[in-house]
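A.B. asks: Dropping in my_file_3.cif, which is mmCIF, C-alpha atoms and all ligand atoms:
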data_protein
loop_
_atom_site.label_atom_id
_atom_site.label_comp_id
_atom_site.auth_asym_id
_atom_site.auth_seq_id
_atom_site.Cartn_x
_atom_site.Cartn_y
_atom_site.Cartn_z
CA MET V 1 -179.39 95.96 -11.15
CA LYS V 2 -179.74 98.52 -13.58
CA GLU V 3 -177.50 96.68 -15.93
CA ASP V 4 -179.30 93.39 -15.25
CA SER V 5 -182.63 94.87 -15.93
CA SER V 6 -181.28 96.14 -19.13
CA LYS V 7 -180.15 92.60 -20.14
CA THR V 8 -182.22 90.77 -22.52
CA LYS V 9 -183.85 87.50 -21.69
CA GLU V 10 -181.41 85.63 -23.95
CA GLU V 11 -178.44 87.22 -22.25
CA LEU V 12 -179.73 86.23 -18.85
CA ILE V 13 -180.34 82.63 -19.99
CA GLY V 14 -176.79 82.59 -21.40
CA GLU V 15 -175.29 83.84 -18.13
CA LEU V 16 -177.32 81.31 -16.19
CA ALA V 17 -176.09 78.51 -18.44
CA GLU V 18 -172.52 79.74 -18.01
CA MET V 19 -172.94 79.77 -14.22
CA ARG V 20 -174.37 76.24 -14.36
CA ARG V 21 -171.43 75.04 -16.46
CA GLN V 22 -168.95 76.64 -14.03
CA PHE V 23 -170.80 75.12 -11.09
CA ALA V 24 -170.73 71.66 -12.79
CA GLU V 25 -167.04 72.07 -13.52
CA GLN V 26 -166.34 73.03 -9.89
CA GLN V 27 -168.33 70.00 -8.75
CA ALA V 28 -166.30 67.74 -11.07
CA VAL V 29 -163.03 69.21 -9.71
CA ASP V 30 -164.24 68.73 -6.13
CA GLU V 31 -165.26 65.16 -6.96
CA ARG V 32 -161.84 64.42 -8.51
CA ARG V 33 -160.06 65.96 -5.50
CA LYS V 34 -162.16 63.84 -3.18
CA GLN V 35 -161.33 60.73 -5.20
CA MET V 36 -157.64 61.63 -5.07
CA ASP V 37 -157.83 62.26 -1.33
CA ASP V 38 -159.53 58.86 -0.89
CA ALA V 39 -156.92 57.14 -3.08
CA MET V 40 -154.16 58.86 -1.14
CA GLN V 41 -155.68 57.81 2.16
CA ARG V 42 -155.97 54.21 0.91
CA ALA V 43 -152.35 54.32 -0.25
CA PHE V 44 -151.32 55.62 3.18
CA ASP V 45 -153.34 52.90 4.87
CA ASP V 46 -151.79 50.23 2.62
CA LEU V 47 -148.35 51.67 3.25
CA GLU V 48 -148.91 51.57 6.96
CA ILE V 49 -150.02 47.94 6.79
CA ILE V 50 -146.99 47.07 4.66
CA THR V 51 -144.70 48.98 7.04
CA ILE V 52 -146.15 47.17 10.06
CA GLU V 53 -145.78 43.79 8.33
CA ARG V 54 -142.24 44.60 7.19
CA THR V 55 -141.32 45.80 10.67
CA LYS V 56 -142.69 42.56 12.12
CA LYS V 57 -140.68 40.52 9.59
CA LEU V 58 -137.57 42.59 10.27
CA GLN V 59 -138.01 42.16 14.01
CA LYS V 60 -138.34 38.40 13.52
CA ALA V 61 -135.26 38.34 11.28
CA ASN V 62 -133.42 40.43 13.83
CA VAL V 63 -134.27 38.05 16.66
CA LYS V 64 -133.10 35.14 14.46
CA LEU V 65 -129.89 37.00 13.62
CA VAL V 66 -129.15 37.78 17.25
CA ARG V 67 -129.74 34.11 18.05
CA GLU V 68 -127.44 33.04 15.20
CA ILE V 69 -124.71 35.47 16.31
CA LYS V 70 -124.96 34.13 19.86
CA GLU V 71 -124.76 30.56 18.54
CA ARG V 72 -121.78 31.39 16.31
CA LYS V 73 -119.99 33.06 19.20
CA ARG V 74 -120.67 30.01 21.34
CA MET V 75 -119.33 27.73 18.61
CA GLU V 76 -116.24 29.91 18.09
CA LYS V 77 -115.54 29.78 21.81
CA ALA V 78 -116.01 25.99 21.84
CA LEU V 79 -113.70 25.71 18.80
CA ARG V 80 -111.03 27.83 20.48
CA GLN V 81 -111.30 25.75 23.64
CA SER V 82 -111.04 22.50 21.72
CA GLU V 83 -108.04 23.90 19.77
CA THR V 84 -106.34 24.75 23.05
CA ARG V 85 -107.16 21.30 24.41
CA LEU V 86 -105.82 19.66 21.22
CA ARG V 87 -102.62 21.70 21.40
CA ARG V 88 -102.14 20.71 25.03
CA LEU V 89 -102.86 17.11 24.11
CA SER V 90 -100.37 17.07 21.25
CA SER V 91 -97.76 18.67 23.48
CA GLN V 92 -98.37 15.95 26.09
CA LEU V 93 -98.23 13.32 23.35
CA PHE V 94 -94.89 14.61 22.12
CA ASN V 95 -93.54 14.58 25.67
CA ALA V 96 -94.78 11.04 26.23
CA GLN V 97 -93.26 10.00 22.90
CA GLU V 98 -89.92 11.55 23.88
CA GLU V 99 -89.96 9.74 27.23
CA GLU V 100 -90.75 6.45 25.52
CA ARG V 101 -88.01 6.98 22.94
CA HIS V 102 -85.60 7.86 25.71
CA ARG V 103 -86.50 4.65 27.56
CA LEU V 104 -86.07 2.58 24.39
CA SER V 105 -82.80 4.27 23.57
CA LYS V 106 -81.45 3.58 27.05
CA GLU V 107 -82.53 -0.04 26.83
CA LEU V 108 -80.93 -0.44 23.41
CA HIS V 109 -77.74 1.24 24.48
CA ASP V 110 -77.38 -0.19 27.98
CA GLN V 111 -78.88 -3.65 27.55
CA LEU V 112 -78.49 -4.69 23.92
CA GLY V 113 -75.24 -2.74 23.51
CA HIS V 114 -73.83 -4.39 26.62
CA ASP V 115 -74.96 -7.87 25.49
CA LEU V 116 -73.32 -7.38 22.13
CA VAL V 117 -70.03 -6.32 23.66
CA LEU V 118 -70.22 -9.44 25.84
CA LEU V 119 -70.94 -11.57 22.78
CA LYS V 120 -67.91 -10.09 21.06
CA SER V 121 -65.60 -10.90 23.96
CA ARG V 122 -66.99 -14.47 24.15
CA LEU V 123 -66.20 -14.89 20.48
CA ASN V 124 -62.74 -13.64 21.28
CA SER V 125 -62.20 -16.17 24.06
CA ILE V 126 -63.45 -19.00 21.77
CA LYS V 127 -61.02 -17.76 19.14
CA ARG V 128 -58.16 -17.90 21.63
CA LYS V 129 -59.00 -21.50 22.48
CA LEU V 130 -58.64 -22.56 18.84
CA SER V 131 -55.36 -24.22 17.94
CA ALA V 132 -53.11 -22.78 15.25
CA HIS V 133 -54.14 -25.30 12.57
CA GLN V 134 -57.89 -24.44 12.90
CA ALA V 135 -57.63 -21.61 10.36
CA GLU V 136 -61.13 -21.95 8.95
CA PRO V 137 -63.14 -21.53 12.18
CA HIS V 138 -60.67 -18.79 13.19
CA GLU V 139 -61.51 -16.84 10.06
CA ALA V 140 -65.25 -17.47 10.50
CA LEU V 141 -65.05 -16.15 14.06
CA SER V 142 -63.17 -13.05 12.92
CA GLU V 143 -65.85 -12.38 10.31
CA THR V 144 -68.57 -12.84 12.93
CA GLN V 145 -66.75 -10.41 15.22
CA GLU V 146 -66.69 -7.84 12.45
CA TYR V 147 -70.40 -8.41 11.93
CA VAL V 148 -71.04 -7.92 15.65
CA ASP V 149 -69.00 -4.69 15.49
CA GLN V 150 -71.28 -3.50 12.70
CA ILE V 151 -74.37 -4.39 14.77
CA ILE V 152 -72.91 -2.53 17.79
CA GLU V 153 -72.39 0.49 15.57
CA ASP V 154 -75.98 0.26 14.24
CA VAL V 155 -77.42 -0.09 17.74
CA ARG V 156 -75.44 2.98 18.87
CA ARG V 157 -76.70 4.98 15.93
CA ILE V 158 -80.34 3.91 16.42
CA ALA V 159 -80.11 4.62 20.16
CA THR V 160 -78.66 8.07 19.47
CA GLU V 161 -81.31 8.83 16.87
CA LEU V 162 -84.02 7.71 19.26
CA SER V 163 -82.97 9.91 22.11
CA PRO V 164 -82.17 13.56 21.66
CA SER V 165 -79.83 13.34 24.67
CA ILE V 166 -77.19 13.97 22.01
CA LEU V 167 -78.45 17.56 22.17
CA GLU V 168 -77.24 17.86 25.74
CA ASP V 169 -73.94 16.12 24.99
CA LEU V 170 -73.03 17.87 21.75
CA GLY V 171 -75.32 20.89 21.46
CA LEU V 172 -77.80 21.61 18.69
CA PHE V 173 -75.32 22.63 16.01
CA ALA V 174 -73.21 19.47 16.27
CA SER V 175 -76.31 17.25 16.64
CA LEU V 176 -77.86 18.50 13.42
CA GLN V 177 -74.50 18.16 11.71
CA TRP V 178 -74.28 14.57 12.99
CA LEU V 179 -77.80 13.82 11.68
CA ALA V 180 -76.99 15.26 8.26
CA GLU V 181 -73.64 13.46 7.93
CA ASN V 182 -75.10 10.19 9.13
CA PHE V 183 -77.99 10.58 6.69
CA ALA V 184 -75.65 11.31 3.75
CA GLN V 185 -73.47 8.35 4.53
CA GLN V 186 -76.29 5.89 5.14
CA HIS V 187 -78.20 6.72 1.98
CA SER V 188 -75.22 7.58 -0.24
CA LEU V 189 -76.57 11.04 -0.93
CA ASN V 190 -74.79 14.22 -1.82
CA VAL V 191 -75.69 16.50 1.10
CA THR V 192 -74.50 20.09 1.44
CA LEU V 193 -74.95 21.78 4.79
CA ASP V 194 -74.60 25.52 5.19
CA MET V 195 -75.38 26.29 8.83
CA GLU V 196 -74.62 29.18 11.12
CA ASP V 197 -73.84 28.41 14.74
CA ILE V 198 -77.27 28.24 16.36
CA ASP V 199 -76.36 26.91 19.79
CA HIS V 200 -77.84 28.77 22.79
CA PHE V 201 -80.64 30.26 20.71
CA PHE V 202 -83.42 27.99 21.94
CA SER V 203 -85.03 26.54 25.04
CA ASP V 204 -84.72 22.78 25.72
CA ASN V 205 -88.22 22.06 24.41
CA THR V 206 -87.70 24.06 21.25
CA ARG V 207 -84.36 22.31 20.66
CA ILE V 208 -86.10 18.92 20.84
CA ASN V 209 -88.90 20.07 18.51
CA LEU V 210 -86.39 21.45 16.07
CA TYR V 211 -84.25 18.32 16.16
CA ARG V 212 -87.30 16.12 15.49
CA VAL V 213 -88.57 18.27 12.61
CA PHE V 214 -85.10 18.20 11.04
CA GLN V 215 -84.88 14.44 11.57
CA GLU V 216 -88.32 13.75 10.02
CA THR V 217 -87.44 15.96 7.04
CA LEU V 218 -84.40 13.77 6.33
CA THR V 219 -86.35 10.56 7.04
CA ASN V 220 -88.99 11.59 4.51
CA ILE V 221 -86.33 12.24 1.89
CA SER V 222 -84.85 8.79 2.45
CA LYS V 223 -88.29 7.13 2.43
CA HIS V 224 -90.02 8.93 -0.42
CA ALA V 225 -87.88 11.29 -2.48
CA GLN V 226 -85.44 9.08 -4.44
CA ALA V 227 -83.21 12.13 -4.46
CA LYS V 228 -79.55 12.38 -5.44
CA SER V 229 -78.71 15.64 -3.73
CA VAL V 230 -79.97 17.53 -0.73
CA SER V 231 -79.10 21.08 0.18
CA ILE V 232 -79.59 22.32 3.73
CA VAL V 233 -79.33 25.99 4.58
CA VAL V 234 -79.76 27.21 8.15
CA LYS V 235 -79.52 30.89 8.87
CA LYS V 236 -80.58 33.52 11.34
CA GLU V 237 -83.03 36.12 10.09
CA LYS V 238 -84.27 38.78 12.50
CA ASN V 239 -85.71 36.89 15.50
CA TYR V 240 -85.91 33.52 13.78
CA VAL V 241 -83.65 30.74 12.62
CA ILE V 242 -84.79 29.59 9.21
CA PHE V 243 -84.19 26.09 7.86
CA ARG V 244 -84.48 25.32 4.16
CA VAL V 245 -84.05 21.68 3.13
CA LYS V 246 -84.27 21.15 -0.61
CA ASP V 247 -84.10 17.79 -2.37
CA ASP V 248 -83.97 17.03 -6.09
CA GLY V 249 -86.22 13.97 -5.77
CA LYS V 250 -89.53 13.03 -7.32
CA GLY V 251 -91.65 15.54 -5.37
CA PHE V 252 -95.34 15.07 -4.70
CA ASP V 253 -98.75 16.65 -5.20
CA LEU V 254 -99.66 18.58 -2.06
CA LYS V 255 -103.33 18.98 -3.06
CA ARG V 256 -103.64 15.24 -3.59
CA LEU V 257 -102.10 14.60 -0.21
CA ALA V 258 -104.56 17.03 1.42
CA ARG V 259 -107.48 15.12 -0.15
CA LYS V 260 -106.18 11.81 1.17
CA ASP V 261 -108.02 10.07 4.00
CA VAL V 262 -106.54 11.37 7.27
CA VAL V 263 -106.26 7.82 8.59
CA LYS V 264 -104.36 6.62 5.52
CA SER V 265 -101.99 9.55 5.17
CA GLY V 266 -98.83 9.67 7.28
CA MET V 267 -98.35 11.70 10.42
CA GLY V 268 -94.88 13.09 9.76
CA LEU V 269 -95.77 16.39 8.07
CA THR V 270 -98.63 17.05 10.51
CA ALA V 271 -96.39 16.39 13.50
CA MET V 272 -93.67 18.65 12.06
CA LYS V 273 -96.14 21.51 11.62
CA GLU V 274 -97.50 20.95 15.11
CA ARG V 275 -94.03 20.92 16.67
CA ALA V 276 -93.10 24.13 14.85
CA ASN V 277 -96.34 25.80 15.96
CA LEU V 278 -95.91 24.62 19.55
CA SER V 279 -92.55 26.40 19.62
CA GLY V 280 -94.06 29.56 18.15
CA GLY V 281 -92.58 28.87 14.72
CA ASP V 282 -93.79 28.04 11.27
CA PHE V 283 -93.60 25.16 8.82
CA ASP V 284 -94.11 25.09 5.08
CA VAL V 285 -93.79 22.58 2.22
CA GLU V 286 -93.23 23.34 -1.44
CA SER V 287 -93.42 20.40 -3.79
CA SER V 288 -94.70 19.29 -7.15
CA PRO V 289 -94.31 15.98 -8.98
CA GLY V 290 -90.95 15.71 -10.75
CA LYS V 291 -89.65 18.94 -9.30
CA GLY V 292 -88.30 17.97 -5.89
CA THR V 293 -89.38 19.15 -2.48
CA THR V 294 -88.39 22.08 -0.31
CA ILE V 295 -89.21 21.97 3.38
CA CYS V 296 -88.96 25.28 5.13
CA PHE V 297 -89.36 25.83 8.85
CA LYS V 298 -88.52 28.62 11.20
CA PHE V 299 -88.20 28.72 14.96
CA PRO V 300 -88.16 31.89 17.06
CA ILE V 301 -85.00 32.73 18.97
CA ARG V 302 -85.79 32.92 22.66
CA GLU V 303 -85.59 36.23 24.45
CA LYS V 304 -82.53 36.46 26.67
CA GLY V 305 -83.52 34.94 30.00
CA GLY V 306 -86.83 33.67 28.52
CA ALA V 307 -88.09 30.10 28.34
N1 LIG E 401 -89.16 14.77 0.44
C1 LIG E 401 -90.25 14.15 -0.07
N2 LIG E 401 -90.23 13.72 -1.37
C2 LIG E 401 -91.30 13.10 -1.91
N3 LIG E 401 -92.45 12.88 -1.25
C3 LIG E 401 -92.53 13.28 0.03
C4 LIG E 401 -91.44 13.94 0.69
N4 LIG E 401 -91.84 14.24 1.95
C5 LIG E 401 -93.08 13.78 2.06
N5 LIG E 401 -93.52 13.21 0.92
C6 LIG E 401 -94.88 12.69 0.64
O1 LIG E 401 -95.74 13.18 1.65
C7 LIG E 401 -96.40 12.11 2.28
C8 LIG E 401 -96.67 12.47 3.73
O2 LIG E 401 -95.46 12.49 4.48
P1 LIG E 401 -95.54 12.17 6.01
O3 LIG E 401 -94.19 12.32 6.60
O4 LIG E 401 -96.65 12.98 6.59
O5 LIG E 401 -96.03 10.65 6.06
P2 LIG E 401 -95.20 9.31 5.82
O6 LIG E 401 -93.75 9.61 5.73
O7 LIG E 401 -95.82 8.62 4.65
O8 LIG E 401 -95.53 8.47 7.12
P3 LIG E 401 -94.97 8.73 8.61
O9 LIG E 401 -94.15 9.97 8.58
O10 LIG E 401 -96.20 8.87 9.45
O11 LIG E 401 -94.17 7.54 8.93
C9 LIG E 401 -95.53 10.90 2.06
O12 LIG E 401 -96.26 9.72 2.10
C10 LIG E 401 -94.94 11.18 0.69
O13 LIG E 401 -95.85 10.77 -0.31
MG MG E 402 -92.80 10.78 7.21
#
Starting from the file, lay out its structure as structure tokens.
Ligand SMILES: Nc1ncnc2c1ncn2[C@@H]1O[C@H](COP(=O)(O)OP(=O)(O)OP(=O)(O)O)[C@@H](O)[C@H]1O
Ligand SMILES: [Mg+2]
C.D. replies:
Amino acid sequence: MKEDSSKTKEELIGELAEMRRQFAEQQAVDERRKQMDDAMQRAFDDLEIITIERTKKLQKANVKLVREIKERKRMEKALRQSETRLRRLSSQLFNAQEEERHRLSKELHDQLGHDLVLLKSRLNSIKRKLSAHQAEPHEALSETQEYVDQIIEDVRRIATELSPSILEDLGLFASLQWLAENFAQQHSLNVTLDMEDIDHFFSDNTRINLYRVFQETLTNISKHAQAKSVSIVVKKEKNYVIFRVKDDGKGFDLKRLARKDVVKSGMGLTAMKERANLSGGDFDVESSPGKGTTICFKFPIREKGGA
């Protein structure tokens, strides 16, 4: 007080002005802090709104996703069921086809084969009735008999090819050998066969599937390949028997075949794959135009005492 009273009027005015300035400064700082607090609060509010909206959107998306997952699972299950049904259907189809082929084969062998043998013996009895000077009809009858012999041979071959009963009579090894030799002879092809003894490795069904896949492989070569040589290698590897049939024919474009209309493309390759899969095996084709074709299929060896 003493000091104050000793201050001059100017000094007091100066101090007052300084206090005012400090007060104004403090007010400005308070104002800025308030503005910042307000801005922060608004930002928090906005953030909360955004978070609520995002959460709502996420919840919606989540519900949609759960629905889609359920739908996909349902579709996968339906697909698996229809695959199982298709597999069962193709297995039944193959069985029906085998029965029908067996019936046809029997009819060819028993009926037509029998009729032809009868025809041959009739020709023989006509021949015997000819007198010695009837050389021309005698010769014609002999030629016809030879022709009938050829037809009998063809009917036997077709009947055997139709029915895999040859498998029971000869076993798998000899049957495949018969198919390959017959194929080589009929189409004048150079066929090499390198096969281990594979009898007793497979169940009856697998043997039939294998025989048919092998047969269709050779049929395709004769129909499409224009090959000169065919090499067949059959060997046991671990729990499988692997077949590799390689021709030096014209080959084909696999991608082009895949693009082809299902109705227009053949059924052979599809049926071969299906038969291999039905037996728990695998089937594969390697081919390109001008470079020949290799068909590779493997069939699992049955467990001892298994089906
Ligand atoms: N060894 C081969 N050499 C060349 N082309 C082949 C050979 N095997 C198959 N192909 C080609 O693949 C196609 C499909 O064969 P696939 O056996 O499925 O049908 P296909 O023989 O035409 O008819 P299908 O077998 O139903 O009587 C054939 O049309 C042919 O163009
Ligand atoms: Mg075919």
A.B. asks: Taking 5 positions as the minimum chain separation for residues in the same chain, which residues sit within 9 Å of Ser142 in chain V when counting all atoms listed in the file? Answer as number ranges by chain.
C.D. replies: V: 123-124, 127, 137, 147
A.B. asks: Residues of chain V that have any atom at most 8 Å from an atom of ligand LIG 401 (chain E): could you tabulate them with the shortest-distance atom pair and the distance in Å to one decimal, using all atoms listed in the file, ordered by chain and increasing number, as a tab-separated table?
C.D. replies:
residue	atom	partner	partner_atom	distance
V:Glu216	CA	E:LIG401	O3	6.9
V:Thr217	CA	E:LIG401	N1	6.9
V:Leu218	CA	E:LIG401	N1	7.6
V:Thr219	CA	E:LIG401	O6	7.6
V:Asn220	CA	E:LIG401	N4	4.7
V:Ile221	CA	E:LIG401	N1	4.1
V:Ser222	CA	E:LIG401	N1	7.6
V:Lys223	CA	E:LIG401	O6	6.8
V:His224	CA	E:LIG401	C2	4.6
V:Ala225	CA	E:LIG401	N2	3.6
V:Gln226	CA	E:LIG401	N2	7.3
V:Ala227	CA	E:LIG401	N2	7.8
V:Asp247	CA	E:LIG401	N1	6.5
V:Gly249	CA	E:LIG401	N2	6.0
V:Lys250	CA	E:LIG401	C2	5.7
V:Gly251	CA	E:LIG401	C2	4.2
V:Phe252	CA	E:LIG401	N3	5.0
V:Leu254	CA	E:LIG401	O1	7.6
V:Leu257	CA	E:LIG401	C7	6.7
V:Ser265	CA	E:LIG401	O5	6.1
V:Gly266	CA	E:LIG401	O5	3.2
V:Met267	CA	E:LIG401	O10	3.7
V:Gly268	CA	E:LIG401	O3	3.3
V:Leu269	CA	E:LIG401	O4	3.8
V:Thr270	CA	E:LIG401	O4	6.0
V:Ala271	CA	E:LIG401	O4	7.7
V:Ser287	CA	E:LIG401	N2	7.8
V:Gly292	CA	E:LIG401	N2	6.5
V:Thr293	CA	E:LIG401	N1	5.3
V:Thr294	CA	E:LIG401	N1	7.4
V:Ile295	CA	E:LIG401	N1	7.8
A.B. asks: Which one of V:Ser229, V:Gln215, V:Gln134, V:Gln150 sits closest to ligand MG 402 (chain E) if you count all atoms listed in the file?
C.D. replies: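 Checking each of V:Ser229, V:Gln215, V:Gln134, V:Gln150 against ligand MG 402 (chain E), counting all atoms listed in the file, the winner is V:Gln215.
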A.B. asks: Between CA of Arg259 in chain V and CA of Cys296 in chain V, what distance in Å does the model show, to one decimal?
C.D. replies: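 Going from CA of Arg259 in chain V over to CA of Cys296 in chain V covers 21.8 Å.
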A.B. asks: My list of candidates is V:Lys34, V:Arg212, V:Arg67, V:Arg156. Which is closest to ligand MG 402 (chain E) when distances are computed with all atoms listed in the file?
C.D. replies: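 Checking each of V:Lys34, V:Arg212, V:Arg67, V:Arg156 against ligand MG 402 (chain E), counting all atoms listed in the file, the winner is V:Arg212.
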A.B. asks: Determine the nearest neighbour of ligand MG 402 (chain E) from the options V:Asn190, V:Val213, V:Glu48, V:Leu141, counting all atoms listed in the file.
C.D. replies: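 Checking each candidate against ligand MG 402 (chain E), we get V:Val213 as the closest.
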A.B. asks: Determine the nearest neighbour of ligand MG 402 (chain E) from the options V:Met272, V:Gln92, V:Gln177, V:Leu167, counting only C-alpha atoms and all ligand atoms.
C.D. replies: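 With only C-alpha atoms and all ligand atoms as the atom set, the closest residue is V:Met272.
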A.B. asks: Separation of CA of Ile126 in chain V and CA of His138 in chain V, in Å?
C.D. replies: 9.0 Å
A.B. asks: Would you mind reading off the distance between CA of Tyr211 in chain V and CA of Gly113 in chain V, one decimal, in Å?
C.D. replies: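 Taking CA of Tyr211 in chain V as the start and CA of Gly113 in chain V as the end point, the length is 24.1 Å.
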A.B. asks: Applying 6 Å and only C-alpha atoms, which residues near range 273-284 of chain V remain after dropping the ones on its own chain fewer than 5 positions away? List them as a VMD selection string.
C.D. replies: chain V and resid 206 209 296 to 300
A.B. asks: Could you please take those selected residues and save C-alpha atoms as a PDB file, in the frame of the given file?
C.D. replies:
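Final output, part.pdb:
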ATOM      1  CA  THR V 206     -87.700  24.060  21.250  1.00  0.00           C
ATOM      2  CA  ASN V 209     -88.900  20.070  18.510  1.00  0.00           C
ATOM      3  CA  CYS V 296     -88.960  25.280   5.130  1.00  0.00           C
ATOM      4  CA  PHE V 297     -89.360  25.830   8.850  1.00  0.00           C
ATOM      5  CA  LYS V 298     -88.520  28.620  11.200  1.00  0.00           C
ATOM      6  CA  PHE V 299     -88.200  28.720  14.960  1.00  0.00           C
ATOM      7  CA  PRO V 300     -88.160  31.890  17.060  1.00  0.00           C
TER       8      PRO V 300
END
A.B. asks: Which of these, V:His200, V:Phe214, V:Lys238, V:Asp38, has the shortest distance to ligand MG 402 (chain E) once you count all atoms listed in the file?
C.D. replies: V:Phe214
A.B. asks: So, with only C-alpha atoms as the atoms that count, which of V:Ser188, V:Glu98, V:Ile152, V:Lys129 lies closest to Asp115 in chain V?
C.D. replies: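 Of the candidates, the smallest distance to Asp115 in chain V is held by V:Ile152.
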